[in-house]
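Student: Provided herewith: work.cif, mmCIF, C-alpha atoms.
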data_model
#
loop_
_atom_site.group_PDB
_atom_site.id
_atom_site.type_symbol
_atom_site.label_atom_id
_atom_site.label_comp_id
_atom_site.auth_asym_id
_atom_site.auth_seq_id
_atom_site.Cartn_x
_atom_site.Cartn_y
_atom_site.Cartn_z
ATOM 1 C CA MET S 1 -1.048 18.462 -0.156
ATOM 2 C CA CYS S 2 -4.376 18.468 1.633
ATOM 3 C CA GLU S 3 -5.088 17.489 5.206
ATOM 4 C CA TYR S 4 -8.566 18.966 5.636
ATOM 5 C CA CYS S 5 -10.822 15.898 5.627
ATOM 6 C CA GLY S 6 -8.866 13.521 7.838
ATOM 7 C CA CYS S 7 -8.501 10.835 5.175
ATOM 8 C CA GLN S 8 -4.743 10.729 5.761
ATOM 9 C CA SER S 9 -5.411 9.265 9.195
ATOM 10 C CA LEU S 10 -6.091 5.998 7.355
ATOM 11 C CA ALA S 11 -2.878 4.077 6.674
ATOM 12 C CA SER S 12 -3.964 3.291 3.110
ATOM 13 C CA ILE S 13 -4.541 6.912 2.180
ATOM 14 C CA ASP S 14 -1.498 8.081 4.112
ATOM 15 C CA GLU S 15 0.724 5.748 2.102
ATOM 16 C CA LEU S 16 -0.827 6.827 -1.205
ATOM 17 C CA THR S 17 -0.324 10.457 -0.154
ATOM 18 C CA ARG S 18 3.306 9.871 0.800
ATOM 19 C CA GLU S 19 3.859 8.312 -2.613
ATOM 20 C CA HIS S 20 2.255 11.350 -4.247
ATOM 21 C CA ASP S 21 4.548 13.607 -2.239
ATOM 22 C CA GLU S 22 7.593 11.641 -3.401
ATOM 23 C CA VAL S 23 6.474 11.827 -7.035
ATOM 24 C CA VAL S 24 5.965 15.595 -6.769
ATOM 25 C CA ARG S 25 9.443 15.898 -5.238
ATOM 26 C CA LEU S 26 10.918 13.931 -8.126
ATOM 27 C CA ILE S 27 8.997 15.956 -10.720
ATOM 28 C CA SER S 28 10.688 19.086 -9.390
ATOM 29 C CA HIS S 29 14.026 17.723 -10.664
ATOM 30 C CA PHE S 30 12.931 17.573 -14.310
ATOM 31 C CA ARG S 31 13.057 21.232 -15.194
ATOM 32 C CA PRO S 32 16.713 21.772 -14.136
ATOM 33 C CA ALA S 33 17.701 18.611 -16.016
ATOM 34 C CA ARG S 34 15.785 19.840 -19.079
ATOM 35 C CA GLU S 35 17.403 23.273 -18.871
ATOM 36 C CA ASP S 36 20.821 21.559 -18.782
ATOM 37 C CA GLY S 37 19.853 19.389 -21.768
ATOM 38 C CA ASP S 38 20.487 16.324 -19.609
ATOM 39 C CA VAL S 39 18.078 13.838 -21.183
ATOM 40 C CA ALA S 40 19.841 10.936 -19.468
ATOM 41 C CA ARG S 41 19.083 12.523 -16.070
ATOM 42 C CA MET S 42 15.469 13.062 -17.128
ATOM 43 C CA ALA S 43 15.258 9.373 -18.051
ATOM 44 C CA GLN S 44 16.690 8.394 -14.653
ATOM 45 C CA ILE S 45 14.122 10.549 -12.850
ATOM 46 C CA ALA S 46 11.387 8.998 -15.011
ATOM 47 C CA ARG S 47 12.508 5.541 -13.885
ATOM 48 C CA GLU S 48 12.505 6.658 -10.236
ATOM 49 C CA ILE S 49 8.932 7.914 -10.640
ATOM 50 C CA THR S 50 7.947 4.645 -12.312
ATOM 51 C CA THR S 51 9.337 2.744 -9.313
ATOM 52 C CA VAL S 52 7.075 4.718 -6.971
ATOM 53 C CA LEU S 53 4.038 4.637 -9.261
ATOM 54 C CA GLY S 54 4.142 0.886 -9.954
ATOM 55 C CA PRO S 55 2.732 -0.354 -6.637
ATOM 56 C CA HIS S 56 0.857 2.919 -6.130
ATOM 57 C CA THR S 57 -1.142 2.418 -9.315
ATOM 58 C CA GLN S 58 -1.812 -1.217 -8.415
ATOM 59 C CA VAL S 59 -3.373 -0.115 -5.124
ATOM 60 C CA GLU S 60 -5.483 2.526 -6.818
ATOM 61 C CA GLU S 61 -6.632 0.433 -9.760
ATOM 62 C CA HIS S 62 -7.174 -2.867 -7.952
ATOM 63 C CA GLY S 63 -8.266 -1.575 -4.553
ATOM 64 C CA LEU S 64 -9.476 2.014 -4.448
ATOM 65 C CA PHE S 65 -10.909 2.622 -7.919
ATOM 66 C CA PRO S 66 -13.065 -0.534 -8.150
ATOM 67 C CA ALA S 67 -14.655 0.383 -4.825
ATOM 68 C CA MET S 68 -15.537 3.827 -6.185
ATOM 69 C CA ALA S 69 -16.339 3.046 -9.818
ATOM 70 C CA GLU S 70 -20.043 2.416 -9.278
ATOM 71 C CA ASP S 71 -20.605 5.828 -7.692
ATOM 72 C CA PHE S 72 -18.096 7.758 -9.846
ATOM 73 C CA PRO S 73 -17.728 5.836 -13.142
ATOM 74 C CA GLU S 74 -16.732 8.726 -15.394
ATOM 75 C CA GLN S 75 -14.222 10.181 -12.959
ATOM 76 C CA ILE S 76 -12.568 6.804 -12.319
ATOM 77 C CA ALA S 77 -12.409 6.029 -16.053
ATOM 78 C CA ALA S 78 -10.750 9.410 -16.674
ATOM 79 C CA LEU S 79 -8.184 8.802 -13.925
ATOM 80 C CA GLU S 80 -7.371 5.360 -15.326
ATOM 81 C CA ALA S 81 -6.940 6.855 -18.819
ATOM 82 C CA GLU S 82 -4.525 9.398 -17.341
ATOM 83 C CA HIS S 83 -2.605 6.537 -15.709
ATOM 84 C CA ARG S 84 -2.184 4.871 -19.132
ATOM 85 C CA HIS S 85 -0.944 8.091 -20.738
ATOM 86 C CA ILE S 86 1.513 8.821 -17.917
ATOM 87 C CA GLU S 87 2.793 5.239 -17.920
ATOM 88 C CA ALA S 88 3.321 5.308 -21.699
ATOM 89 C CA VAL S 89 5.497 8.419 -21.611
ATOM 90 C CA LEU S 90 7.481 7.211 -18.587
ATOM 91 C CA ALA S 91 7.940 3.780 -20.201
ATOM 92 C CA GLU S 92 9.967 5.329 -22.996
ATOM 93 C CA ALA S 93 12.806 5.548 -20.449
ATOM 94 C CA ALA S 94 12.400 1.988 -19.163
ATOM 95 C CA ASP S 95 15.225 -0.523 -18.900
ATOM 96 C CA GLY S 96 17.923 2.094 -18.549
ATOM 97 C CA ALA S 97 17.189 3.615 -21.939
ATOM 98 C CA THR S 98 17.669 7.273 -22.746
ATOM 99 C CA PRO S 99 14.953 8.083 -25.274
ATOM 100 C CA SER S 100 16.337 9.214 -28.602
ATOM 101 C CA ASP S 101 13.086 10.830 -29.725
ATOM 102 C CA PRO S 102 13.840 14.569 -29.635
ATOM 103 C CA THR S 103 10.216 15.296 -28.638
ATOM 104 C CA TRP S 104 10.387 13.100 -25.520
ATOM 105 C CA PRO S 105 11.787 15.692 -23.071
ATOM 106 C CA ASP S 106 9.029 18.182 -23.893
ATOM 107 C CA ARG S 107 6.355 15.466 -23.884
ATOM 108 C CA LEU S 108 7.679 14.305 -20.528
ATOM 109 C CA ILE S 109 7.475 17.815 -19.054
ATOM 110 C CA GLU S 110 3.891 18.150 -20.338
ATOM 111 C CA THR S 111 2.990 14.733 -18.965
ATOM 112 C CA MET S 112 4.454 15.587 -15.565
ATOM 113 C CA ALA S 113 2.217 18.676 -15.463
ATOM 114 C CA LEU S 114 -0.689 16.307 -16.130
ATOM 115 C CA LEU S 115 0.559 14.031 -13.351
ATOM 116 C CA ARG S 116 0.661 16.912 -10.868
ATOM 117 C CA ASP S 117 -2.948 17.805 -11.771
ATOM 118 C CA HIS S 118 -3.876 14.128 -11.549
ATOM 119 C CA ILE S 119 -2.434 13.929 -8.043
ATOM 120 C CA LEU S 120 -4.496 16.939 -6.979
ATOM 121 C CA LYS S 121 -7.672 15.304 -8.338
ATOM 122 C CA GLU S 122 -6.967 12.203 -6.304
ATOM 123 C CA GLN S 123 -6.021 13.984 -3.112
ATOM 124 C CA ASP S 124 -8.724 16.628 -3.222
ATOM 125 C CA GLY S 125 -11.463 14.459 -4.714
ATOM 126 C CA VAL S 126 -10.922 10.708 -4.668
ATOM 127 C CA PHE S 127 -9.374 10.326 -1.232
ATOM 128 C CA PRO S 128 -11.993 12.379 0.645
ATOM 129 C CA ALA S 129 -14.761 10.652 -1.341
ATOM 130 C CA ALA S 130 -13.285 7.278 -0.405
ATOM 131 C CA LEU S 131 -13.346 8.259 3.255
ATOM 132 C CA ALA S 132 -17.051 9.028 2.954
ATOM 133 C CA ASN S 133 -18.062 6.116 0.721
ATOM 134 C CA LEU S 134 -15.976 2.988 1.290
ATOM 135 C CA SER S 135 -17.175 0.251 3.597
ATOM 136 C CA THR S 136 -14.978 -1.561 6.094
ATOM 137 C CA GLU S 137 -14.832 -4.505 3.702
ATOM 138 C CA GLU S 138 -13.653 -2.250 0.868
ATOM 139 C CA TRP S 139 -10.912 -0.753 3.049
ATOM 140 C CA GLU S 140 -9.828 -4.269 4.009
ATOM 141 C CA ALA S 141 -9.737 -5.251 0.325
ATOM 142 C CA LEU S 142 -7.611 -2.181 -0.396
ATOM 143 C CA GLU S 143 -5.209 -3.200 2.363
ATOM 144 C CA ARG S 144 -4.925 -6.689 0.828
ATOM 145 C CA VAL S 145 -4.041 -5.131 -2.521
ATOM 146 C CA ARG S 146 -1.374 -2.998 -0.818
ATOM 147 C CA ALA S 147 0.051 -6.016 0.977
ATOM 148 C CA LYS S 148 0.352 -7.819 -2.345
ATOM 149 C CA ALA S 149 1.648 -4.805 -4.332
ATOM 150 C CA GLY S 150 4.095 -3.603 -1.708
ATOM 151 C CA GLY S 151 5.469 -0.114 -1.946
ATOM 152 C CA ALA S 152 8.581 1.737 -3.030
ATOM 153 C CA LEU S 153 8.786 3.860 0.120
ATOM 154 C CA THR S 154 9.692 2.763 3.599
ATOM 155 C CA ARG S 155 6.880 3.092 6.073
ATOM 156 C CA PRO S 156 7.327 5.618 8.868
ATOM 157 C CA PRO S 157 7.871 4.183 12.334
ATOM 158 C CA VAL S 158 4.661 3.476 14.250
#
Have the structure of the file written as structure tokens, please.
Tutor:
Amino acid sequence: MCEYCGCQSLASIDELTREHDEVVRLISHFRPAREDGDVARMAQIAREITTVLGPHTQVEEHGLFPAMAEDFPEQIAALEAEHRHIEAVLAEAADGATPSDPTWPDRLIETMALLRDHILKEQDGVFPAALANLSTEEWEALERVRAKAGGALTRPPV
């Protein structure tokens, strides 16, 4: 993922980026599971992604996106709509369930392609724009949202 603008030097963006990296790593496990016909494994990976995306989405939608919505309303609305779609497909594997819908594995693969594109939009567009546009108060508000939401990943040593 990108490192050109320096936004990852901010702890908030660094953590969001690390979560993106973990999601991309997990996505890479879907295709082999699909090729093996292992829908139960696909459901497990979906739950692992949901665990990472839960707090991640909270930080974006309650910290980052509101701070950017006035300047980029259409882009933020589109990203939030993508969040809802991704969450809906992942939720079909919630609570330890293996989806019985025979279309789910293919829909999941398609949705994970959308998620990869979504991640690129955030990292190449939203994060650098946040660096340029957010005030100190908005960054502090984002940090408060993160503190409340927590995170699925351990933080690297300081």
Student: Name the residues that the PyMOL selection byres ((chain S and resi 19) around 9) picks from the file above, as a VMD selection string, using the file's chain letters and numbers.
Tutor: chain S and resid 14 to 18 20 to 24 52 to 53 56 151 to 153
Student: Which one is closest to S:Ala78: S:Phe65, S:Gly96, S:Ala46, S:Ala147? Count only C-alpha atoms.
Tutor: S:Phe65
Student: What lies within 10 Å of S:Val59 using only C-alpha atoms, ignoring chain neighbours under 4 positions off, as a ChimeraX atom specification?
Tutor: /S:12,16,53-55,63-65,141-151
Student: Once the PyMOL selection byres ((chain S and resi 105-122) around 9) has been evaluated on this model, what residues remain selected, and can you format them as a PyMOL selection string?
Tutor: chain S and resi 1-2+17+20+23-24+27+30-31+34+37+39+42-43+46+79+82-83+85-86+89-90+99+101-104+123-128
Student: Can you pull out every residue within 9 Å of S:Ala40, counting only C-alpha atoms, but drop anything in the same chain fewer than 6 positions away, and send it as a list of chain:residue names?
Tutor: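 Listed by chain and then number, they are S:Ala33, S:Ala93, S:Ala97, S:Thr98, S:Pro99.
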Student: Deliver the residues from the most recent selection as a file, using C-alpha atoms, as a PDB file, keeping the file's coordinate frame.
Tutor:
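Saved as result_32.pdb:
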ATOM      1  CA  ALA S  33      17.701  18.611 -16.016  1.00  0.00           C
ATOM      2  CA  ALA S  93      12.806   5.548 -20.449  1.00  0.00           C
ATOM      3  CA  ALA S  97      17.189   3.615 -21.939  1.00  0.00           C
ATOM      4  CA  THR S  98      17.669   7.273 -22.746  1.00  0.00           C
ATOM      5  CA  PRO S  99      14.953   8.083 -25.274  1.00  0.00           C
TER       6      PRO S  99
END
Student: Can you measure atom CA of S:Ala130 to atom CA of S:Met68 for me? One decimal in Å is fine.
Tutor: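 Taking atom CA of S:Ala130 as the start and atom CA of S:Met68 as the end point, the length is 7.1 Å.
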Student: Between atom CA of S:Gln58 and atom CA of S:Ala88, what distance in Å does the model show, to one decimal?
Tutor: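 Taking atom CA of S:Gln58 and atom CA of S:Ala88, their separation equals 15.7 Å.
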Student: Between S:Leu26, S:Ile45, S:Ala129, S:Ile13, which has the minimum distance to S:Gln75 (counting only C-alpha atoms)?
Tutor: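 Nearest to S:Gln75: S:Ala129.
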Student: Please report, as JSON, the centre and edge lengths in Å to one decimal of an axis-aligned box covering all listed atoms of stretch 88-106 of chain S with 3 Å per side.
Tutor:
{"center_x": 10.6, "center_y": 8.8, "center_z": -24.1, "size_x": 20.6, "size_y": 24.7, "size_z": 17.2}
